[in-house]
Amino acid sequence: MDQLRCTIGVDVGGTNTDCVIMQGSELIGSAKRPTTENVTSGVESALAAALQDACRRGGETPTDFASRVDQVNIGTTHFVNAVVQRRSLARVAAFRLCGQSTRGVPPFAGFPRDLVDKVCHSTHLLDGGYTFDGRELVKVYNRQVFQYMAKLQYDFPQCEHVAITGLFSPLYPEQEKYVAELFTEHFPSASVTLSHQVGHTGLLERENATILNESLKPLANKTLAAFRQALTSLGLHCPLYLTQNDGTIISEDRARQFPVLTFASGPTNSMRGAAFLSNVADAIVIDIGGTTTDVGMIQNGFPREASSEVKIGGLSTNYRMPDVLSIGLGGGSLVDAETIKVGPVSVGYMLTQEARVFGGETLTTTDIAVAAGLADIGTVRPATSLPSNKIAAVVQRIHEMVEEAADRIKVTSQSLPVLLVGGGSVLIDSSKPFAGALSVSKPPHYDVANAVGAALSQVSGSVDYVVSLDKTPRDVALKEAEQRAKDSAIEAGAVAESVKIVEVVDIPLTYIPGNAIRLKVKAVGDLSRTPFPGTTAQPADVDVDEPFDVPADEPAETTPQEDTAVMKPPSTTSNVTHSGDEDIEMSAEKSRQIDATTGDWIVSKYDVECIAVGAGILGCGGGGSPSIGRLRALRVLQQGKQIRIVSPERLGMSPDLMGLVAPVAFMGAPTIITEKLVSDEVRQGLFVVQQLINAGFGGGMPTHPPPHGYEQYITNPVPGVHRPTSLNDLKNRTVSPDRHLCAVVSCEVGGLNAMEPLVVGGLSDLPIVDADGMGRAFPELQMYSPAIYGGQLCPSCLSDDWGHSVFLTHVNEAKQMEDYFRTETIKMGCSAGIVFGPQTAAAVQEKMIKGSLSRAWQLGHAVLEAQRNKVKPVDAILSREIGKPIITGKIVDVSRTTESGFSRGFVLIEGFGDYSGLTIKIDLQNEFLIARPQLTPTPDPTYGPAVATVPDLIVMIDTDTGFPITTEDARYGLRVTALVLASQHIMRTPRALEVVGPKAFGYPDVEYHPVEEELANQ
């Protein structure tokens, strides 16, 4: 063996910990040891065994060999296990720099309750934050920071872990850094995590990751110290790195600061190892372990990313994880030879005690593999007394299970290589062909491919920011972003000559002036052999004599506190209210709760979940994410308030429903709303509209423009915002009761705007009418059904999160309102709450779409039930809807531009499976508009007649989960199903089609044909 430098890779799995020693591209030592409960002892055992194996092969002494090891890379489950198991977590004080923004969704709002009990010390909403274009929303108020800091230092219990999240900090981190400097100067013992260092735009998910990261720092210090101690005991004094979920590595010191970046690196390591060992850049990887089989795709040597949000321990984060399909098949899976059923139950790590080949009494897949001659494992022969035809049938069933999973993960009709890795891959006869596979093979060292992936030493850098194309040409902006990403990778330790761009995503932003786009670029390069800043080979000063896998913390002695203040010190504290997935028993409530006396629908937590999923589907790609509204609605229920939905027919039938109905919504850019969140904008608008009605505007009375023009502004004369608590104190008792606001209704049931009435109604003690004004999401206000049919539009009001409002008492046409409010929304920071002119009971019943929330519930319930019952979501949806699938396939192209504040473009889907050979182009303007088959390929494509058009609902869902894909989330490689659902009759009349039909969106030659006609023709 020549004296070349070596790298050690370690991967910790649920059953085994694997270790390899790589000398360049050659594997010169390996070991597989059981994963231990405390993880570290298993890592040390695997390291020692791999070193012994390498020394045995090369004839070296352990001391001599250890001196040739350049680095050790470990993929560990320590930190994700701590979150999932709620163990070894520190309490964190969450500081949010937001001013009056975001207050409708406070920190910890999306945390499961048991995780809150372990992690939350207190929450503090402070002045600060930026707008999307870099203007300071409000300056940081030093005295405010010092007062909250003093609470952490001197109140009981003391807290030394702080997570700081600023509004738009990934783009403008200066305020976060400034507050961190204040902590360094005045509270130097505090540990601080800044959100811009761990996540991108999307405030809630970034804040969640920031809090988790800070909570894990004590465990990270102990874990890495224990790893370092293990290396030292084996004579290894080289740099230590941990693997990340994107297939790259971070230094020991950086891992101490950002342990959250190491979550879920296992599947990535396995896929990257398979690609490396096979010298294949694009392939399907099948990793068969002891309990499950993970199937994924590698593209350009890296795993394809999942389309859905990532949840860690029930908590949403904004990490991009590999797209992995898991099935219940592994080396320990139980076999029923009579029914030829395999899995999903497994003996797991008890395989060597319970499998028949080891003298046990349980028939497992390993026994079948030995009996079939596919493996030589264990000591007992024969492995089973089953007849050969039964053995062959089980082998065939195992093959079919894996083949089906590979077909599901595949996103192209093109044949691809299939790579089998993992110890359980002995279950598969690689000589048997797979449908749609170019080849089936097991690369060398397939059983330790995950550790090989961990040994691959690459580092990454990324950027995510907004740029105006009016100021910078697109090609220049892309080059600048790519260079910034490369510089970031080099700063992380990459060799400059090796750095390459592996991901470029540009997303046009609606509403934002200047033709703005969001650029996300990632670069990857080989690690320099010279240790870079943040890498140490010395043990940290941490005591590791005690077990570092400390037991779960005791419950807190005090209740977590939430502090809020605007331009002044806090005067009161209140309990934090939280909502989490574990509070919702998804299988217990299958029907809606109806009040026996009134017939009203009393909304439960499960109903909120269903409505949120259904609203996303009805958004037709737009409308904004319902997830923010979902959290707010759950929080309303947590506060003990009631959300009550009434039928439109009930309006005017009882004294409490004798007044007017206020249509409500949010207006703005979905990307901005995910960062800015919401506060109390809509209730502020209700406050203003009720005042206007009391003053004689609207409410069934003639409206006249005020003397000085049709627009009026209401602003608060003093700092801070007056928030209405009830509309009752606003009602003019001298005015007829039928002119009071008695209920709210959604302007559009698609996306975020389906959820806002639930929140507003619950907080204001107003019922919500089961109706809406669009039956879906549309991009413009004149597409609202009362506007189409001559309904009341004024008085209407637009309000921002600082309590500023602009209102209209008269408009000549709905387009005038659209243009005016769109301009004002941009001034308000690209998001605002809107209240349309209140409607009478008769107007709601005649001019709005009835049963919209019920429809959303049915759709959401169908998807959640499909997930539980393991059936295709598209089938479940179409069992409750009039509609049809358009295509199932892979997104192969996405084009988006911003014109006049709208996102316009198309999504191109290439079919697979039953839709092989079909390509569909779906045009969009914020929402999906028209679907047409592509007849000839690029560069000069031609298209056939439309197979679906507005106003019917063209929706796109994740093929596996059924969750909706928005126009902003659509990207290359996603597996999606597009389908068309029937619109309501009120949106199909000749009058409506003039406003919401194909011609209204710039398709003069396209005629609308209802989906029912297409179904009849089929």
# chains A, B, ... in the order shown; residues from 1 in each chain; ligands from 1
call {"tool": "residues_around", "arguments": {"residues": "region 972-976 of chain A", "least_positions_apart": "2", "cutoff": "9 Å", "atoms": "only C-alpha atoms", "output": "list of chain:residue names"}}
result
A:Arg304, A:Glu305, A:Ala306, A:Ser307, A:Arg408, A:Ile409, A:Lys410, A:Val411, A:Thr412, A:Ile887, A:Thr888, A:Gly889, A:Lys890, A:Ile891, A:Val892, A:Asp893, A:Val894, A:Ile909, A:Met956, A:Ile957, A:Asp958, A:Thr959, A:Asp960, A:Gly962, A:Ile965, A:Ala970, A:Ala978
call {"tool": "residues_around", "arguments": {"residues": "Val806 (chain A)", "least_positions_apart": "3", "cutoff": "12 Å", "atoms": "only C-alpha atoms", "output": "NGL selection string"}}
result
:A and (681 or 684-685 or 688-689 or 692 or 710-715 or 795-800 or 803 or 809 or 817 or 820-825 or 827-828 or 832-835)
call {"tool": "select_by_dssp", "arguments": {"residues": "region 363-535 of chain A", "states": "alpha helix (DSSP H)", "output": "ChimeraX atom specification"}}
result
/A:365-371,388-409,449-455,474-491
call {"tool": "residues_around", "arguments": {"residues": "region 760-767 of chain A", "least_positions_apart": "6", "cutoff": "10 Å", "atoms": "only C-alpha atoms", "output": "MDAnalysis selection string"}}
result
chainID A and resid 600:603 632:633 636:637 639:647 656:657 661 664 680:683 686 724:728 741:745
call {"tool": "closest_residue", "arguments": {"among": "A:Thr352, A:Thr977, A:Gln147, A:Val759", "to": "Leu182 (chain A)", "atoms": "only C-alpha atoms"}}
result
A:Gln147
call {"tool": "closest_residue", "arguments": {"among": "A:Glu160, A:Leu203, A:Pro267, A:Pro939", "to": "Ala190 (chain A)", "atoms": "only C-alpha atoms"}}
result
A:Glu160
call {"tool": "select_by_dssp", "arguments": {"residues": "region 190-276 of chain A", "states": "strand (DSSP E or B)", "output": "MDAnalysis selection string"}}
result
chainID A and resid 191:194 240:243 249:251
call {"tool": "write_last_selection", "arguments": {"atoms": "all heavy atoms", "output": "short mmCIF file (atom, residue, chain, number, x, y, z; two decimals), in the first residue's frame"}}
result
data_model
loop_
_atom_site.label_atom_id
_atom_site.label_comp_id
_atom_site.auth_asym_id
_atom_site.auth_seq_id
_atom_site.Cartn_x
_atom_site.Cartn_y
_atom_site.Cartn_z
N SER A 191 -25.75 32.31 24.09
CA SER A 191 -25.52 31.71 22.77
C SER A 191 -26.62 32.19 21.84
O SER A 191 -27.81 32.16 22.21
CB SER A 191 -25.51 30.19 22.88
OG SER A 191 -25.50 29.60 21.60
N VAL A 192 -26.25 32.62 20.64
CA VAL A 192 -27.22 33.24 19.73
C VAL A 192 -27.15 32.58 18.35
O VAL A 192 -26.06 32.34 17.83
CB VAL A 192 -26.94 34.76 19.58
CG1 VAL A 192 -27.89 35.38 18.55
CG2 VAL A 192 -27.09 35.46 20.93
N THR A 193 -28.31 32.28 17.78
CA THR A 193 -28.41 31.85 16.38
C THR A 193 -29.19 32.91 15.61
O THR A 193 -30.26 33.35 16.05
CB THR A 193 -29.12 30.50 16.25
OG1 THR A 193 -28.38 29.49 16.92
CG2 THR A 193 -29.26 30.10 14.78
N LEU A 194 -28.66 33.32 14.46
CA LEU A 194 -29.31 34.30 13.59
C LEU A 194 -29.96 33.57 12.43
O LEU A 194 -29.35 32.72 11.79
CB LEU A 194 -28.29 35.31 13.08
CG LEU A 194 -27.49 36.05 14.16
CD1 LEU A 194 -26.53 37.05 13.50
CD2 LEU A 194 -28.41 36.75 15.15
N LEU A 240 -12.45 16.93 11.61
CA LEU A 240 -13.72 16.19 11.66
C LEU A 240 -14.78 17.02 10.96
O LEU A 240 -14.90 18.23 11.19
CB LEU A 240 -14.12 15.93 13.12
CG LEU A 240 -15.54 15.42 13.38
CD1 LEU A 240 -15.75 14.03 12.77
CD2 LEU A 240 -15.81 15.39 14.89
N TYR A 241 -15.59 16.35 10.12
CA TYR A 241 -16.68 17.00 9.42
C TYR A 241 -17.97 16.19 9.62
O TYR A 241 -17.92 14.99 9.85
CB TYR A 241 -16.40 17.10 7.91
CG TYR A 241 -15.14 17.89 7.58
CD1 TYR A 241 -13.90 17.25 7.52
CD2 TYR A 241 -15.21 19.24 7.33
CE1 TYR A 241 -12.75 17.96 7.22
CE2 TYR A 241 -14.06 19.97 7.02
CZ TYR A 241 -12.84 19.32 6.96
OH TYR A 241 -11.71 20.03 6.67
N LEU A 242 -19.10 16.87 9.50
CA LEU A 242 -20.40 16.19 9.50
C LEU A 242 -21.05 16.39 8.14
O LEU A 242 -20.85 17.42 7.48
CB LEU A 242 -21.31 16.73 10.59
CG LEU A 242 -20.88 16.53 12.05
CD1 LEU A 242 -22.01 16.92 12.99
CD2 LEU A 242 -20.42 15.11 12.32
N THR A 243 -21.83 15.41 7.71
CA THR A 243 -22.50 15.50 6.42
C THR A 243 -23.82 16.25 6.56
O THR A 243 -24.49 16.17 7.59
CB THR A 243 -22.76 14.12 5.81
OG1 THR A 243 -23.63 13.37 6.68
CG2 THR A 243 -21.46 13.35 5.63
N ILE A 249 -20.51 18.61 3.11
CA ILE A 249 -20.05 18.50 4.49
C ILE A 249 -19.84 19.87 5.10
O ILE A 249 -19.67 20.86 4.39
CB ILE A 249 -18.75 17.67 4.58
CG1 ILE A 249 -17.64 18.30 3.73
CG2 ILE A 249 -19.00 16.23 4.18
CD1 ILE A 249 -16.29 17.61 3.87
N ILE A 250 -19.86 19.90 6.44
CA ILE A 250 -19.53 21.13 7.18
C ILE A 250 -18.50 20.78 8.24
O ILE A 250 -18.43 19.65 8.73
CB ILE A 250 -20.77 21.78 7.83
CG1 ILE A 250 -21.50 20.78 8.74
CG2 ILE A 250 -21.69 22.35 6.79
CD1 ILE A 250 -22.62 21.42 9.52
N SER A 251 -17.72 21.78 8.60
CA SER A 251 -16.64 21.57 9.54
C SER A 251 -17.16 21.31 10.95
O SER A 251 -18.32 21.60 11.27
CB SER A 251 -15.72 22.80 9.56
OG SER A 251 -16.40 23.90 10.16
#
call {"tool": "atom_distance", "arguments": {"atom1": "CA of His804 (chain A)", "atom2": "CA of Ala669 (chain A)"}}
result
18.7 Å
call {"tool": "atom_distance", "arguments": {"atom1": "CA of Ser101 (chain A)", "atom2": "CA of Thr131 (chain A)"}}
result
10.3 Å
call {"tool": "residues_around", "arguments": {"residues": "Lys999 (chain A)", "least_positions_apart": "3", "cutoff": "12 Å", "atoms": "only C-alpha atoms", "output": "list in words"}}
result
Leu929, Ile930, Thr949, Val950, Pro951, Pro990, Ala992, Leu993, Glu994, Val995, Val996, Gly1002, Tyr1003, Pro1004, Asp1005, Val1006, Glu1007 and Tyr1008 of chain A
